[in-house]
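Undergrad: The structure's right below; bear with me while I get my questions together.
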Amino acid sequence: MKKRCLITREQLEPVLDALRETFDLTVGRDPLDEAAAAAALRDYDAIVPTLGDRFTAAAFEAAGEIRCGVLANVGVGYNHIDVEAARAHGVAVSNTPDVLTDATADIGLLLMLGAARRASEGERLVRAGEWKGFGPKTMLGTDVSGKVLGVAGFGRIGQAVARRGHLGFGMEVLYWNRSAKDPGFPARKVETLEELAARVDFLVVCLPGGKETVGVVGAGVFAAMKPESIFVNIARGEIVDEAALIEALESGAIAGAGLDVYAQEPFVPERLRACERCFLLPHLGSATVETRIAMGMVAVRNARAWADGKALPQAV
Ligand code: 8YV
């Protein structure tokens, strides 16, 4: 008899088909809150969760007798899963690194360009039928090419953003990371996030989510940034003190921001939505057909490895 698997959201067909080959599959609809996560841990052998599900320590506690042996997450970030609690309850966890690096880094560049060149303001103007024609001083932005790029968190995605900035736009790259990295092109490590913030024209957050990084980008970081500089976040909203960011935008302490992630998605504060010089996207980092299929297939491989009694290739 096939093992029971729950995929918590409707992923693309090839992913569902691949899971059906191995499992008796149930496809969920909405993100799992703690109670639903606890019930799923009780009822299924394998679970394929994603962003928005809440596999917290409380969910593991509430589950009582746990049937589930694997959480094969679709996503590189897994801060919605308490990995320690999973381990304590004998549940293996995997993620989907590498396959989404390019798509997510591309969004980083889109946000840098969009915020610097005032893309959404311009688009809104045209769509509203309010464009009065070319003007030498109309809607001037700032250059991206040749500027200084600062990357906070120099893992796979951070390095991919930096590579695009350096090779595509001739940017000088500085980064802040626990350990020094050699990305294969010139990039200098700085010792503190504040120093990075003070020295760059674009500050792009690529740090992992989770308890250790909540609120690390706070008022001090924005105060250190140059008034002409642009802030970008493609990581997790909780890393940034959103109130401090809004303050910095409203006071002109920074020139603009490009955001793909927010502290309490899908809620985006009204004051943030009112900031003209913000380029706002609804968490699209990995949202391409190719990338979502690739991510799903990595999760399938991990779920299957577990079903075959093998080590998970992308265990976390
Ligand atoms: C995904 C992400 O959209 O992988 C991650 O950590 O944040 C995003 O690229 C998300 O995980 C849902 O698949």
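Each chain in the structure tokens gets a letter, A, B and so on, in the order shown; residues start at 1 in every chain, and ligands are counted from 1 in the order they appear.
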Can you build me a table of chain A residues sitting at most 6 Å from ligand 1, with the closest atom pair per residue and its distance in Å to one decimal, using only C-alpha atoms and all ligand atoms, sorted by chain and residue number, as a tab-separated table?
TA:
```
residue	atom	partner	partner_atom_place_in_ligand_line	distance
A:Thr50	CA	ligand 1	12 (C)	5.4
A:Leu51	CA	ligand 1	12 (C)	4.9
A:Val74	CA	ligand 1	13 (O)	5.1
A:Gly75	CA	ligand 1	4 (O)	3.2
A:Val76	CA	ligand 1	4 (O)	3.9
A:Gly77	CA	ligand 1	6 (O)	3.3
A:Gly285	CA	ligand 1	9 (O)	4.8
A:Ser286	CA	ligand 1	9 (O)	4.0
```
Undergrad: Deliver the residues from the most recent selection as a file, using N, CA, C and O atoms, as a CSV table (one decimal), in the first residue's frame.
TA:
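So the final result, stored in out20.csv, reads:
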```
chain,number,residue,atom,x,y,z
A,50,THR,N,5.1,24.3,2.6
A,50,THR,CA,5.7,25.5,2.0
A,50,THR,C,5.5,26.7,2.9
A,50,THR,O,4.9,26.6,3.9
A,51,LEU,N,6.0,27.8,2.4
A,51,LEU,CA,5.9,29.1,3.1
A,51,LEU,C,4.5,29.3,3.6
A,51,LEU,O,3.5,29.1,2.8
A,74,VAL,N,9.0,22.8,0.2
A,74,VAL,CA,9.2,23.5,-1.1
A,74,VAL,C,9.6,24.9,-0.8
A,74,VAL,O,8.8,25.8,-0.5
A,75,GLY,N,10.9,25.2,-0.9
A,75,GLY,CA,11.4,26.5,-0.6
A,75,GLY,C,12.8,26.3,0.1
A,75,GLY,O,13.0,25.3,0.8
A,76,VAL,N,13.7,27.3,-0.2
A,76,VAL,CA,15.0,27.2,0.5
A,76,VAL,C,14.9,27.6,1.9
A,76,VAL,O,15.5,27.1,2.8
A,77,GLY,N,14.0,28.6,2.2
A,77,GLY,CA,13.8,29.1,3.6
A,77,GLY,C,12.9,28.2,4.3
A,77,GLY,O,11.9,27.7,3.7
A,285,GLY,N,10.0,36.0,-5.4
A,285,GLY,CA,11.4,35.6,-5.6
A,285,GLY,C,11.6,34.4,-6.5
A,285,GLY,O,12.4,34.4,-7.4
A,286,SER,N,10.9,33.3,-6.2
A,286,SER,CA,11.1,32.1,-7.0
A,286,SER,C,9.9,31.8,-7.9
A,286,SER,O,9.8,30.7,-8.4
```
Undergrad: If you count only C-alpha atoms, which residues fall within 10 Å of segment 160-170 of chain A, apart from same-chain ones fewer than 6 positions away, as a PyMOL selection string?
TA: chain A and resi 101-109+112+143-151+154+183-187+204+206
Undergrad: Segment 192-201 of chain A: which residues within 8 Å, counting only C-alpha atoms, same-chain residues fewer than 5 positions away excluded, as a list in words?
TA: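 Within the cut-off, the hits are Lys147, Val148, Leu149, Gly150, Ala152, Leu174, Tyr175, Trp176, Gly220, Val221, Phe222, Ala224, Met225, Lys226, Glu228, Ser229 and Ile230 of chain A.
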Undergrad: Could you tell me how far atom CA of Glu61 of chain A sits from atom CA of Ala92 of chain A, in Å to one decimal place?
TA: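 These two atoms are separated by 16.1 Å.
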Undergrad: From a DSSP calculation on the backbone, collect every residue of segment 3-206 of chain A in strand (DSSP E) and output the set as a CSV table (one decimal) with N, CA and C atoms, in the first residue's frame.
TA:
```csv
chain,number,residue,atom,x,y,z
A,3,LYS,N,2.2,5.0,0.8
A,3,LYS,CA,2.2,5.8,2.0
A,3,LYS,C,1.4,7.1,1.7
A,4,ARG,N,0.8,7.6,2.8
A,4,ARG,CA,0.0,8.8,2.6
A,4,ARG,C,0.8,10.1,2.7
A,5,CYS,N,0.6,10.9,1.7
A,5,CYS,CA,1.4,12.2,1.6
A,5,CYS,C,0.4,13.4,1.5
A,6,LEU,N,0.7,14.4,2.2
A,6,LEU,CA,-0.1,15.7,2.1
A,6,LEU,C,0.9,16.7,1.5
A,7,ILE,N,0.5,17.3,0.3
A,7,ILE,CA,1.2,18.5,-0.2
A,7,ILE,C,0.3,19.6,0.2
A,23,PHE,N,3.2,8.1,-3.8
A,23,PHE,CA,2.4,8.3,-2.6
A,23,PHE,C,0.9,8.3,-3.0
A,24,ASP,N,0.1,8.0,-2.0
A,24,ASP,CA,-1.4,8.2,-2.0
A,24,ASP,C,-1.5,9.7,-1.6
A,25,LEU,N,-1.7,10.6,-2.6
A,25,LEU,CA,-1.5,12.0,-2.4
A,25,LEU,C,-2.8,12.8,-2.1
A,26,THR,N,-2.7,13.7,-1.1
A,26,THR,CA,-3.8,14.6,-0.8
A,26,THR,C,-3.2,16.0,-1.1
A,27,VAL,N,-4.0,16.8,-1.8
A,27,VAL,CA,-3.5,18.2,-2.1
A,27,VAL,C,-4.3,19.2,-1.3
A,46,ALA,N,4.1,11.4,5.0
A,46,ALA,CA,5.0,12.4,4.5
A,46,ALA,C,4.2,13.7,4.2
A,47,ILE,N,4.9,14.8,4.5
A,47,ILE,CA,4.2,16.1,4.2
A,47,ILE,C,5.2,17.0,3.3
A,48,VAL,N,4.6,17.6,2.3
A,48,VAL,CA,5.3,18.6,1.5
A,48,VAL,C,4.8,20.0,1.8
A,70,VAL,N,8.6,12.8,7.5
A,70,VAL,CA,9.4,13.7,6.7
A,70,VAL,C,8.6,15.0,6.3
A,71,LEU,N,9.2,16.1,6.4
A,71,LEU,CA,8.7,17.4,5.9
A,71,LEU,C,9.6,17.8,4.8
A,72,ALA,N,9.2,17.5,3.6
A,72,ALA,CA,10.0,17.9,2.4
A,72,ALA,C,9.6,19.3,1.9
A,92,ALA,N,12.2,14.1,9.8
A,92,ALA,CA,13.3,14.6,8.9
A,92,ALA,C,12.8,15.8,8.2
A,93,VAL,N,13.7,16.8,7.9
A,93,VAL,CA,13.3,18.0,7.2
A,93,VAL,C,14.3,18.3,6.0
A,94,SER,N,13.7,18.6,4.9
A,94,SER,CA,14.6,19.0,3.8
A,94,SER,C,14.1,20.3,3.1
A,148,VAL,N,28.0,51.3,-5.9
A,148,VAL,CA,28.5,50.4,-4.9
A,148,VAL,C,27.4,49.5,-4.4
A,149,LEU,N,27.5,48.2,-4.5
A,149,LEU,CA,26.5,47.3,-4.0
A,149,LEU,C,26.9,46.6,-2.7
A,150,GLY,N,26.0,46.7,-1.8
A,150,GLY,CA,26.2,46.0,-0.5
A,150,GLY,C,25.3,44.8,-0.3
A,151,VAL,N,25.8,43.7,0.0
A,151,VAL,CA,25.0,42.5,0.1
A,151,VAL,C,25.1,42.0,1.6
A,152,ALA,N,24.0,42.0,2.3
A,152,ALA,CA,23.9,41.5,3.7
A,152,ALA,C,23.5,40.0,3.6
A,172,GLU,N,30.8,47.9,-7.8
A,172,GLU,CA,31.8,47.4,-6.8
A,172,GLU,C,31.0,46.7,-5.7
A,173,VAL,N,31.5,45.6,-5.2
A,173,VAL,CA,30.7,44.7,-4.3
A,173,VAL,C,31.3,44.7,-2.9
A,174,LEU,N,30.5,45.0,-1.9
A,174,LEU,CA,30.9,44.8,-0.5
A,174,LEU,C,29.9,43.9,0.1
A,175,TYR,N,30.3,43.1,1.1
A,175,TYR,CA,29.3,42.2,1.7
A,175,TYR,C,29.6,42.1,3.2
A,176,TRP,N,28.5,41.7,3.9
A,176,TRP,CA,28.6,41.4,5.3
A,176,TRP,C,28.1,39.9,5.5
A,188,ARG,N,34.5,42.6,-1.3
A,188,ARG,CA,35.2,42.8,-0.1
A,188,ARG,C,34.2,42.7,1.1
A,189,LYS,N,34.7,41.9,2.1
A,189,LYS,CA,33.9,41.7,3.4
A,189,LYS,C,34.1,42.9,4.3
A,202,PHE,N,23.5,50.7,-2.8
A,202,PHE,CA,22.3,49.8,-2.8
A,202,PHE,C,22.6,48.8,-1.7
A,203,LEU,N,21.7,48.6,-0.7
A,203,LEU,CA,21.9,47.6,0.3
A,203,LEU,C,20.8,46.5,0.1
A,204,VAL,N,21.3,45.3,-0.2
A,204,VAL,CA,20.4,44.2,-0.6
A,204,VAL,C,20.5,43.1,0.5
A,205,VAL,N,19.3,42.8,1.2
A,205,VAL,CA,19.3,41.8,2.2
A,205,VAL,C,19.0,40.4,1.7
```
Undergrad: What does the structure give for the distance between atom CA of Gly141 of chain A and atom CA of Ala116 of chain A, in Å to one decimal?
TA: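 Pair atom CA of Gly141 of chain A / atom CA of Ala116 of chain A returns 5.5 Å.
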Undergrad: Excluding Glu212 of chain A and any residue of its chain fewer than 6 positions from it, enumerate the residues within 12 Å of it, using only C-alpha atoms, and give them as a PyMOL selection string.
TA: chain A and resi 79+238-239
Undergrad: List the spatial neighbours of Ala305 of chain A as an NGL selection string - criterion: any atom at most 12 Å away, only C-alpha atoms, same-chain residues fewer than 2 positions off excluded.
TA: :A and (19 or 22 or 46 or 69-72 or 92-94 or 298-303 or 307-315)
Undergrad: Output N, CA, C and O atoms for every residue in the selection just made, as an mmCIF file, in the first residue's frame.
TA:
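What follows is the written file out23.cif:
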```
data_model
loop_
_atom_site.group_PDB
_atom_site.id
_atom_site.type_symbol
_atom_site.label_atom_id
_atom_site.label_comp_id
_atom_site.auth_asym_id
_atom_site.auth_seq_id
_atom_site.Cartn_x
_atom_site.Cartn_y
_atom_site.Cartn_z
ATOM 1 N N LEU A 19 4.635 13.043 -7.316
ATOM 2 C CA LEU A 19 4.321 12.567 -5.957
ATOM 3 C C LEU A 19 3.332 11.405 -5.997
ATOM 4 O O LEU A 19 3.448 10.457 -5.219
ATOM 5 N N THR A 22 4.578 7.801 -6.200
ATOM 6 C CA THR A 22 5.083 7.137 -4.992
ATOM 7 C C THR A 22 4.043 7.081 -3.878
ATOM 8 O O THR A 22 4.016 6.133 -3.092
ATOM 9 N N ALA A 46 4.058 11.403 5.020
ATOM 10 C CA ALA A 46 4.980 12.407 4.469
ATOM 11 C C ALA A 46 4.197 13.689 4.222
ATOM 12 O O ALA A 46 3.032 13.645 3.829
ATOM 13 N N GLY A 69 6.982 11.153 8.950
ATOM 14 C CA GLY A 69 8.426 10.950 9.069
ATOM 15 C C GLY A 69 9.249 11.984 8.340
ATOM 16 O O GLY A 69 10.453 12.094 8.552
ATOM 17 N N VAL A 70 8.603 12.759 7.457
ATOM 18 C CA VAL A 70 9.390 13.727 6.674
ATOM 19 C C VAL A 70 8.570 14.973 6.336
ATOM 20 O O VAL A 70 7.391 14.890 6.002
ATOM 21 N N LEU A 71 9.229 16.126 6.440
ATOM 22 C CA LEU A 71 8.693 17.397 5.948
ATOM 23 C C LEU A 71 9.623 17.822 4.812
ATOM 24 O O LEU A 71 10.727 18.311 5.060
ATOM 25 N N ALA A 72 9.198 17.550 3.572
ATOM 26 C CA ALA A 72 10.016 17.888 2.399
ATOM 27 C C ALA A 72 9.555 19.260 1.907
ATOM 28 O O ALA A 72 8.663 19.378 1.058
ATOM 29 N N ALA A 92 12.220 14.064 9.765
ATOM 30 C CA ALA A 92 13.303 14.624 8.949
ATOM 31 C C ALA A 92 12.782 15.832 8.162
ATOM 32 O O ALA A 92 11.604 15.881 7.820
ATOM 33 N N VAL A 93 13.678 16.803 7.913
ATOM 34 C CA VAL A 93 13.279 18.025 7.190
ATOM 35 C C VAL A 93 14.261 18.263 6.037
ATOM 36 O O VAL A 93 15.474 18.108 6.204
ATOM 37 N N SER A 94 13.741 18.637 4.878
ATOM 38 C CA SER A 94 14.620 19.012 3.752
ATOM 39 C C SER A 94 14.129 20.326 3.145
ATOM 40 O O SER A 94 12.994 20.744 3.390
ATOM 41 N N VAL A 298 12.700 18.809 -6.362
ATOM 42 C CA VAL A 298 13.675 18.563 -5.282
ATOM 43 C C VAL A 298 12.938 18.036 -4.038
ATOM 44 O O VAL A 298 13.377 17.081 -3.395
ATOM 45 N N ALA A 299 11.784 18.636 -3.751
ATOM 46 C CA ALA A 299 10.991 18.157 -2.603
ATOM 47 C C ALA A 299 10.540 16.715 -2.835
ATOM 48 O O ALA A 299 10.595 15.878 -1.920
ATOM 49 N N VAL A 300 10.138 16.403 -4.077
ATOM 50 C CA VAL A 300 9.707 15.025 -4.396
ATOM 51 C C VAL A 300 10.869 14.060 -4.153
ATOM 52 O O VAL A 300 10.686 13.007 -3.526
ATOM 53 N N ARG A 301 12.061 14.428 -4.635
ATOM 54 C CA ARG A 301 13.228 13.539 -4.446
ATOM 55 C C ARG A 301 13.486 13.270 -2.975
ATOM 56 O O ARG A 301 13.812 12.158 -2.571
ATOM 57 N N ASN A 302 13.304 14.286 -2.167
ATOM 58 C CA ASN A 302 13.547 14.114 -0.729
ATOM 59 C C ASN A 302 12.467 13.252 -0.078
ATOM 60 O O ASN A 302 12.763 12.387 0.737
ATOM 61 N N ALA A 303 11.225 13.475 -0.464
ATOM 62 C CA ALA A 303 10.131 12.672 0.098
ATOM 63 C C ALA A 303 10.304 11.203 -0.296
ATOM 64 O O ALA A 303 10.130 10.291 0.521
ATOM 65 N N ALA A 307 10.865 7.732 1.833
ATOM 66 C CA ALA A 307 9.996 6.554 1.662
ATOM 67 C C ALA A 307 10.831 5.306 1.379
ATOM 68 O O ALA A 307 10.454 4.196 1.780
ATOM 69 N N ASP A 308 11.982 5.489 0.706
ATOM 70 C CA ASP A 308 12.864 4.356 0.393
ATOM 71 C C ASP A 308 13.834 4.038 1.528
ATOM 72 O O ASP A 308 14.730 3.210 1.376
ATOM 73 N N GLY A 309 13.704 4.747 2.622
ATOM 74 C CA GLY A 309 14.581 4.498 3.768
ATOM 75 C C GLY A 309 15.992 5.030 3.576
ATOM 76 O O GLY A 309 16.933 4.603 4.238
ATOM 77 N N LYS A 310 16.147 5.990 2.632
ATOM 78 C CA LYS A 310 17.488 6.555 2.362
ATOM 79 C C LYS A 310 17.652 7.918 3.035
ATOM 80 O O LYS A 310 16.660 8.545 3.412
ATOM 81 N N ALA A 311 18.902 8.366 3.087
ATOM 82 C CA ALA A 311 19.172 9.696 3.649
ATOM 83 C C ALA A 311 18.593 10.756 2.711
ATOM 84 O O ALA A 311 18.619 10.580 1.485
ATOM 85 N N LEU A 312 18.077 11.856 3.251
ATOM 86 C CA LEU A 312 17.518 12.920 2.409
ATOM 87 C C LEU A 312 18.656 13.677 1.733
ATOM 88 O O LEU A 312 19.570 14.143 2.404
ATOM 89 N N PRO A 313 18.595 13.830 0.388
ATOM 90 C CA PRO A 313 19.681 14.541 -0.293
ATOM 91 C C PRO A 313 19.820 16.005 0.154
ATOM 92 O O PRO A 313 20.911 16.543 0.176
ATOM 93 N N GLN A 314 18.720 16.650 0.485
ATOM 94 C CA GLN A 314 18.795 18.060 0.929
ATOM 95 C C GLN A 314 18.313 18.196 2.370
ATOM 96 O O GLN A 314 17.530 19.101 2.696
ATOM 97 N N ALA A 315 18.798 17.334 3.220
ATOM 98 C CA ALA A 315 18.406 17.409 4.633
ATOM 99 C C ALA A 315 18.891 18.726 5.229
ATOM 100 O O ALA A 315 19.925 19.245 4.847
#
```
Undergrad: Among segment 205-283 of chain A, which ones does DSSP place in helix (DSSP H, G or I), written as a PyMOL selection string?
TA: chain A and resi 211-213+219-224+237-239+242-251+270-273
Undergrad: Can you work out the spacing between atom CA of Gly210 of chain A and atom CA of Ala253 of chain A in Å, to one decimal?
TA: 27.4 Å
